[in-house]
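Pasting work-v6.pdb here (PDB, C-alpha atoms):
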ATOM      1  CA  MET A 235      54.440 123.252  71.426
ATOM      2  CA  ARG A 236      57.678 124.577  69.949
ATOM      3  CA  ILE A 237      61.154 123.599  71.066
ATOM      4  CA  LYS A 238      61.748 126.888  72.949
ATOM      5  CA  GLU A 239      58.859 126.094  75.284
ATOM      6  CA  VAL A 240      60.145 122.543  75.720
ATOM      7  CA  GLU A 241      63.567 123.928  76.684
ATOM      8  CA  ALA A 242      61.998 126.105  79.370
ATOM      9  CA  ARG A 243      59.716 123.420  80.795
ATOM     10  CA  VAL A 244      62.155 120.499  80.806
ATOM     11  CA  GLY A 245      65.448 122.322  81.375
ATOM     12  CA  LEU A 246      67.251 120.805  78.382
ATOM     13  CA  SER A 247      68.884 122.718  75.548
ATOM     14  CA  ALA A 248      67.581 122.511  71.978
ATOM     15  CA  LYS A 249      70.884 120.885  71.035
ATOM     16  CA  ASN A 250      70.323 118.093  73.574
ATOM     17  CA  ILE A 251      66.714 117.612  72.496
ATOM     18  CA  ARG A 252      67.667 117.326  68.823
ATOM     19  CA  PHE A 253      70.482 114.936  69.725
ATOM     20  CA  TYR A 254      68.023 112.633  71.503
ATOM     21  CA  GLU A 255      65.730 112.846  68.488
ATOM     22  CA  LYS A 256      68.626 111.955  66.182
ATOM     23  CA  GLU A 257      69.432 108.965  68.399
ATOM     24  CA  GLY A 258      65.868 107.684  68.102
ATOM     25  CA  LEU A 259      64.793 108.379  71.688
ATOM     26  CA  LEU A 260      62.247 110.956  70.615
ATOM     27  CA  ALA A 261      59.958 111.343  67.579
ATOM     28  CA  PRO A 262      57.929 114.577  67.653
ATOM     29  CA  ARG A 263      55.334 115.247  64.991
ATOM     30  CA  ARG A 264      55.932 117.770  62.214
ATOM     31  CA  GLN A 265      53.482 120.603  61.643
ATOM     32  CA  ALA A 266      51.790 120.552  58.255
ATOM     33  CA  GLY A 267      52.995 123.283  55.951
ATOM     34  CA  ASN A 268      56.092 124.540  57.762
ATOM     35  CA  GLY A 269      57.563 121.248  58.966
ATOM     36  CA  TYR A 270      58.314 122.584  62.476
ATOM     37  CA  ARG A 271      58.580 120.042  65.292
ATOM     38  CA  ASP A 272      55.443 119.915  67.415
ATOM     39  CA  TYR A 273      55.981 118.523  70.920
ATOM     40  CA  ASP A 274      53.162 117.343  73.171
ATOM     41  CA  GLU A 275      52.978 116.366  76.843
ATOM     42  CA  GLY A 276      54.040 112.829  75.967
ATOM     43  CA  GLU A 277      57.322 114.053  74.510
ATOM     44  CA  LEU A 278      57.865 116.225  77.588
ATOM     45  CA  SER A 279      57.409 113.208  79.858
ATOM     46  CA  THR A 280      59.821 111.206  77.711
ATOM     47  CA  LEU A 281      62.406 113.999  77.898
ATOM     48  CA  ARG A 282      62.041 114.172  81.691
ATOM     49  CA  ARG A 283      62.652 110.427  81.916
ATOM     50  CA  ILE A 284      65.702 110.754  79.670
ATOM     51  CA  LYS A 285      66.982 113.680  81.732
ATOM     52  CA  LEU A 286      66.603 111.703  84.970
ATOM     53  CA  LEU A 287      68.427 108.664  83.622
ATOM     54  CA  ARG A 288      71.204 110.769  82.071
ATOM     55  CA  LYS A 289      71.662 112.495  85.452
ATOM     56  CA  LEU A 290      72.305 108.997  86.785
ATOM     57  CA  ASP A 291      74.789 108.412  83.934
ATOM     58  CA  VAL A 292      72.737 105.665  82.288
ATOM     59  CA  PRO A 293      74.014 105.004  78.724
ATOM     60  CA  LEU A 294      71.840 106.071  75.811
ATOM     61  CA  GLU A 295      71.482 102.533  74.472
ATOM     62  CA  GLU A 296      70.072 101.383  77.824
ATOM     63  CA  ILE A 297      67.642 104.318  77.891
ATOM     64  CA  LYS A 298      66.552 103.571  74.328
ATOM     65  CA  ALA A 299      65.869  99.939  75.224
ATOM     66  CA  MET A 300      63.854 100.933  78.295
ATOM     67  CA  LEU A 301      61.821 103.475  76.326
ATOM     68  CA  ALA A 302      61.124 100.844  73.664
ATOM     69  CA  GLY A 303      60.021  98.352  76.325
ATOM     70  CA  THR A 304      62.609  95.718  75.355
ATOM     71  CA  LEU A 305      64.248  96.297  78.738
ATOM     72  CA  THR A 306      62.300  96.824  81.945
ATOM     73  CA  LEU A 307      63.171  99.569  84.388
ATOM     74  CA  ASP A 308      64.421  97.161  87.054
ATOM     75  CA  GLU A 309      66.544  95.259  84.507
ATOM     76  CA  GLY A 310      68.058  98.498  83.243
ATOM     77  CA  MET A 311      68.790  99.756  86.750
ATOM     78  CA  ARG A 312      70.330  96.449  87.831
ATOM     79  CA  ARG A 313      72.621  96.538  84.793
ATOM     80  CA  HIS A 314      73.605 100.099  85.577
ATOM     81  CA  LEU A 315      74.239  99.239  89.219
ATOM     82  CA  VAL A 316      76.805  96.663  88.084
ATOM     83  CA  THR A 317      78.476  99.343  85.952
ATOM     84  CA  LEU A 318      78.490 101.855  88.831
ATOM     85  CA  GLU A 319      79.908  99.305  91.251
ATOM     86  CA  SER A 320      82.691  98.541  88.796
ATOM     87  CA  ARG A 321      83.440 102.242  88.415
ATOM     88  CA  GLN A 322      83.452 102.666  92.191
ATOM     89  CA  LYS A 323      86.053  99.919  92.508
ATOM     90  CA  ASN A 324      88.145 101.635  89.850
ATOM     91  CA  LEU A 325      87.809 104.970  91.657
ATOM     92  CA  ASP A 326      88.765 103.363  94.957
ATOM     93  CA  THR A 327      91.894 101.955  93.321
ATOM     94  CA  ALA A 328      92.768 105.331  91.799
ATOM     95  CA  ARG A 329      92.189 107.008  95.175
ATOM     96  CA  ARG A 330      94.516 104.510  96.868
ATOM     97  CA  LEU A 331      97.260 105.195  94.309
ATOM     98  CA  CYS A 332      96.799 108.950  94.753
ATOM     99  CA  ALA A 333      97.112 108.526  98.507
ATOM    100  CA  GLU A 334     100.381 106.632  98.029
ATOM    101  CA  LEU A 335     101.723 109.361  95.729
ATOM    102  CA  ALA A 336     100.668 112.019  98.255
ATOM    103  CA  LYS A 337     103.157 110.527 100.725
ATOM    104  CA  ALA A 338     106.065 111.391  98.406
ATOM    105  CA  PRO A 339     107.826 114.594  99.533
ATOM    106  CA  GLY A 340     108.973 117.366  97.225
ATOM    107  CA  LEU A 341     107.971 118.351  93.710
ATOM    108  CA  LEU A 342     106.627 116.290  90.832
ATOM    109  CA  ALA A 343     110.007 116.557  89.098
ATOM    110  CA  ALA A 344     111.501 114.428  91.879
ATOM    111  CA  LEU A 345     109.002 111.603  91.375
ATOM    112  CA  ASP A 346     110.149 108.411  89.651
ATOM    113  CA  PRO A 347     107.009 107.440  87.681
ATOM    114  CA  GLU A 348     108.198 104.021  86.492
ATOM    115  CA  ALA A 349     107.152 102.102  89.603
ATOM    116  CA  ALA A 350     103.751 103.796  89.721
ATOM    117  CA  LEU A 351     103.143 103.193  85.994
ATOM    118  CA  ALA A 352     104.135  99.563  86.430
ATOM    119  CA  GLU A 353     101.532  99.254  89.190
ATOM    120  CA  VAL A 354      98.919 100.934  86.970
ATOM    121  CA  ALA A 355      99.740  98.507  84.131
ATOM    122  CA  ARG A 356      99.469  95.544  86.534
ATOM    123  CA  LEU A 357      96.069  96.710  87.750
ATOM    124  CA  GLU A 358      94.836  97.339  84.192
ATOM    125  CA  GLN A 359      95.752  93.762  83.317
ATOM    126  CA  LYS A 360      93.522  92.671  86.204
ATOM    127  CA  GLY A 361      90.590  94.664  84.778
ATOM    128  CA  VAL A 362      90.904  98.015  86.534
ATOM    129  CA  ARG A 363      90.107 100.913  84.188
ATOM    130  CA  PHE A 364      91.741 104.301  84.576
ATOM    131  CA  ILE A 365      91.022 107.554  82.698
ATOM    132  CA  ASP A 366      91.510 107.374  78.931
ATOM    133  CA  ILE A 367      93.715 110.426  78.324
ATOM    134  CA  GLN A 368      93.132 110.216  74.564
ATOM    135  CA  LYS A 369      89.417 110.905  75.080
ATOM    136  CA  THR A 370      90.010 113.693  77.597
ATOM    137  CA  ASP A 371      92.458 115.389  75.231
ATOM    138  CA  ARG A 372      90.085 115.262  72.247
ATOM    139  CA  LYS A 373      88.602 118.715  72.872
ATOM    140  CA  LYS A 374      92.081 120.222  72.850
ATOM    141  CA  LYS A 375      92.460 118.981  69.278
ATOM    142  CA  ALA A 376      89.427 121.033  68.269
ATOM    143  CA  HIS A 377      90.991 124.168  69.755
ATOM    144  CA  GLY A 378      94.232 123.440  67.917
ATOM    145  CA  ALA A 379      92.377 123.098  64.624
ATOM    146  CA  TRP A 380      90.733 126.485  65.103
ATOM    147  CA  ILE A 381      94.012 128.183  65.996
ATOM    148  CA  SER A 382      95.853 126.688  63.017
ATOM    149  CA  ALA A 383      93.109 127.716  60.592
ATOM    150  CA  LEU A 384      92.897 131.263  61.983
ATOM    151  CA  VAL A 385      96.676 131.722  61.786
ATOM    152  CA  PHE A 386      96.689 130.493  58.190
ATOM    153  CA  ILE A 387      93.790 132.762  57.238
ATOM    154  CA  GLY A 388      95.496 135.734  58.909
ATOM    155  CA  LEU A 389      98.698 135.155  56.965
ATOM    156  CA  MET A 390      96.817 134.835  53.700
ATOM    157  CA  ALA A 391      94.911 138.056  54.473
ATOM    158  CA  MET A 392      98.238 139.839  54.938
ATOM    159  CA  VAL A 393      99.463 138.520  51.592
ATOM    160  CA  GLU A 394      96.212 139.636  49.988
ATOM    161  CA  GLY A 395      96.609 143.135  51.411
ATOM    162  CA  LEU A 396     100.191 143.441  50.220
ATOM    163  CA  MET A 397      99.240 142.293  46.745
ATOM    164  CA  VAL A 398      96.367 144.786  46.527
ATOM    165  CA  TRP A 399      98.698 147.561  47.700
ATOM    166  CA  ALA A 400     101.317 146.573  45.092
ATOM    167  CA  LEU A 401      98.699 146.647  42.360
ATOM    168  CA  THR A 402      97.732 150.214  43.264
ATOM    169  CA  VAL A 403     101.375 151.313  43.093
ATOM    170  CA  ASP A 404     102.191 149.614  39.811
ATOM    171  CA  PRO A 405      98.935 149.004  37.856
ATOM    172  CA  VAL A 406      98.650 145.884  35.715
ATOM    173  CA  PRO A 407      95.906 144.721  33.319
ATOM    174  CA  LEU A 408      92.588 144.226  35.075
ATOM    175  CA  PRO A 409      92.222 140.447  34.395
ATOM    176  CA  VAL A 410      95.687 139.826  35.822
ATOM    177  CA  ALA A 411      94.875 142.019  38.818
ATOM    178  CA  PHE A 412      91.760 139.983  39.532
ATOM    179  CA  LEU A 413      93.767 136.784  39.226
ATOM    180  CA  LEU A 414      96.483 137.951  41.588
ATOM    181  CA  ALA A 415      94.006 139.340  44.105
ATOM    182  CA  GLY A 416      91.774 136.277  44.024
ATOM    183  CA  TRP A 417      94.129 133.311  44.212
ATOM    184  CA  PRO A 418      94.759 133.513  47.985
ATOM    185  CA  LEU A 419      91.007 133.197  48.512
ATOM    186  CA  VAL A 420      91.278 129.680  47.124
ATOM    187  CA  PHE A 421      93.676 128.786  49.938
ATOM    188  CA  VAL A 422      91.380 130.419  52.496
ATOM    189  CA  ALA A 423      88.445 128.362  51.211
ATOM    190  CA  GLY A 424      90.598 125.238  51.373
ATOM    191  CA  ALA A 425      91.562 125.987  54.972
ATOM    192  CA  LEU A 426      87.924 126.492  55.973
ATOM    193  CA  LEU A 427      86.877 123.248  54.294
ATOM    194  CA  ALA A 428      89.694 121.354  56.015
ATOM    195  CA  LEU A 429      88.687 122.867  59.350
ATOM    196  CA  ARG A 430      85.059 121.930  58.813
ATOM    197  CA  GLN A 431      85.971 118.336  58.004
ATOM    198  CA  ARG A 432      88.273 118.042  61.005
ATOM    199  CA  LEU A 433      85.655 119.414  63.400
ATOM    200  CA  LYS A 434      83.099 116.958  62.044
ATOM    201  CA  GLU A 435      85.515 114.103  62.768
ATOM    202  CA  ILE A 436      86.149 115.390  66.282
ATOM    203  CA  ARG A 437      82.432 115.819  67.024
ATOM    204  CA  LYS A 438      81.756 112.306  65.708
ATOM    205  CA  GLY A 439      84.451 110.927  68.001
ATOM    206  CA  GLU A 440      83.008 112.778  70.999
ATOM    207  CA  GLU A 441      79.529 111.532  70.119
ATOM    208  CA  ASP A 442      80.768 107.936  69.963
ATOM    209  CA  ALA A 443      82.536 108.299  73.316
ATOM    210  CA  TYR A 444      79.403 109.904  74.798
ATOM    211  CA  ARG A 445      77.266 107.003  73.627
ATOM    212  CA  ASN A 446      79.634 104.142  74.541
ATOM    213  CA  TYR A 447      81.293 105.243  77.790
TER     214      TYR A 447
END

Would you mind writing the file's structure down as structure tokens?
Amino acid sequence: MRIKEVEARVGLSAKNIRFYEKEGLLAPRRQAGNGYRDYDEGELSTLRRIKLLRKLDVPLEEIKAMLAGTLTLDEGMRRHLVTLESRQKNLDTARRLCAELAKAPGLLAALDPEAALAEVARLEQKGVRFIDIQKTDRKKKAHGAWISALVFIGLMAMVEGLMVWALTVDPVPLPVAFLLAGWPLVFVAGALLALRQRLKEIRKGEEDAYRNY
């Protein structure tokens, strides 16, 4: 069956399915002639198992090991239970600190954060893990890259329009006109290439965080 049918039957997007294939959790056959992926009931069962374990927040490497048979289901679940218990302790600590902060009257501007940050640092030294703000802010970087590129392209389009208008008012030789009209396109192409590279880096970082949380 084709990937559209798999999406409907399993409830996973094509992007997710291809990601699992890329990570080696899935290996559908290719149809002779056109090279399209051909999924069978075995792949559907595998995807349902992956979906279940991902709903439980089991890391991809653990799922891969269980699918390969190098890790049994009970071993994988016991490992994950240890991870969940550790997270629960961290959440309990964060909840306690939030409850302490909730006792402070007034606005945030009146809060002295130094004592609270010192307590957070002390707890982190003891092994407590709080939210990594660098990871949570990563998506904002992608939005900033888009905005910067669009602003740059818009400015260059304005320059292009002014130059074309000037050429119609005061004609110049055709080769020079083409040169003047075309050079901003080089900068536009450069901006798009830079944007593409930056987004690839951001997606790679998100993928790494997704795999190693």

The PyMOL selection byres ((chain A and resi 299-313) around 12) resolved against shown file, as a PyMOL selection string: chain A and resi 257-261+277+279-284+287+290-298+314-320

Would you output that residue set with C-alpha atoms, as a compact mmCIF listing (two decimals), in the coordinates of the input?
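Generated output (out.txt):
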# COMPACT_ATOMS: atom_id res chain seq x y z
CA GLU A 257 69.43 108.96 68.40
CA GLY A 258 65.87 107.68 68.10
CA LEU A 259 64.79 108.38 71.69
CA LEU A 260 62.25 110.96 70.61
CA ALA A 261 59.96 111.34 67.58
CA GLU A 277 57.32 114.05 74.51
CA SER A 279 57.41 113.21 79.86
CA THR A 280 59.82 111.21 77.71
CA LEU A 281 62.41 114.00 77.90
CA ARG A 282 62.04 114.17 81.69
CA ARG A 283 62.65 110.43 81.92
CA ILE A 284 65.70 110.75 79.67
CA LEU A 287 68.43 108.66 83.62
CA LEU A 290 72.31 109.00 86.78
CA ASP A 291 74.79 108.41 83.93
CA VAL A 292 72.74 105.66 82.29
CA PRO A 293 74.01 105.00 78.72
CA LEU A 294 71.84 106.07 75.81
CA GLU A 295 71.48 102.53 74.47
CA GLU A 296 70.07 101.38 77.82
CA ILE A 297 67.64 104.32 77.89
CA LYS A 298 66.55 103.57 74.33
CA HIS A 314 73.60 100.10 85.58
CA LEU A 315 74.24 99.24 89.22
CA VAL A 316 76.81 96.66 88.08
CA THR A 317 78.48 99.34 85.95
CA LEU A 318 78.49 101.86 88.83
CA GLU A 319 79.91 99.30 91.25
CA SER A 320 82.69 98.54 88.80

Gap from atom CA of A:Val244 to atom CA of A:Lys256 - Å, one decimal: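 That distance, rounded to one decimal, is 18.1 Å.
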
Straight-line distance linking atom CA of A:Phe253 with atom CA of A:Ile365, stated in Å to one decimal: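 Those two atoms sit 25.4 Å apart.
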
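Those residues returned by the PyMOL selection byres ((chain A and resi 361) around 12) for this file are Ser320, Arg321, Lys323, Asn324, Thr327, Val354, Ala355, Arg356, Leu357, Glu358, Gln359, Lys360, Val362, Arg363 and Phe364 of chain A.
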
Separation of atom CA of A:Thr402 from atom CA of A:Val385, in Å and rounded to one decimal: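 Computed distance, atom CA of A:Thr402 to atom CA of A:Val385, equals 26.2 Å.
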
For A:Leu429, the nearest of the candidates A:Leu384, A:Leu325, A:Ala343, A:Ala350, counting all atoms listed in the file: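 Of A:Leu384, A:Leu325, A:Ala343, A:Ala350, the one nearest A:Leu429, counting all atoms listed in the file, is A:Leu384.
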
Neighbour list for A:Gly269 as a list in words, cut-off 12 Å, all atoms listed in the file, skip fewer than 6 positions in-chain: Arg236, Pro262 and Arg263 of chain A
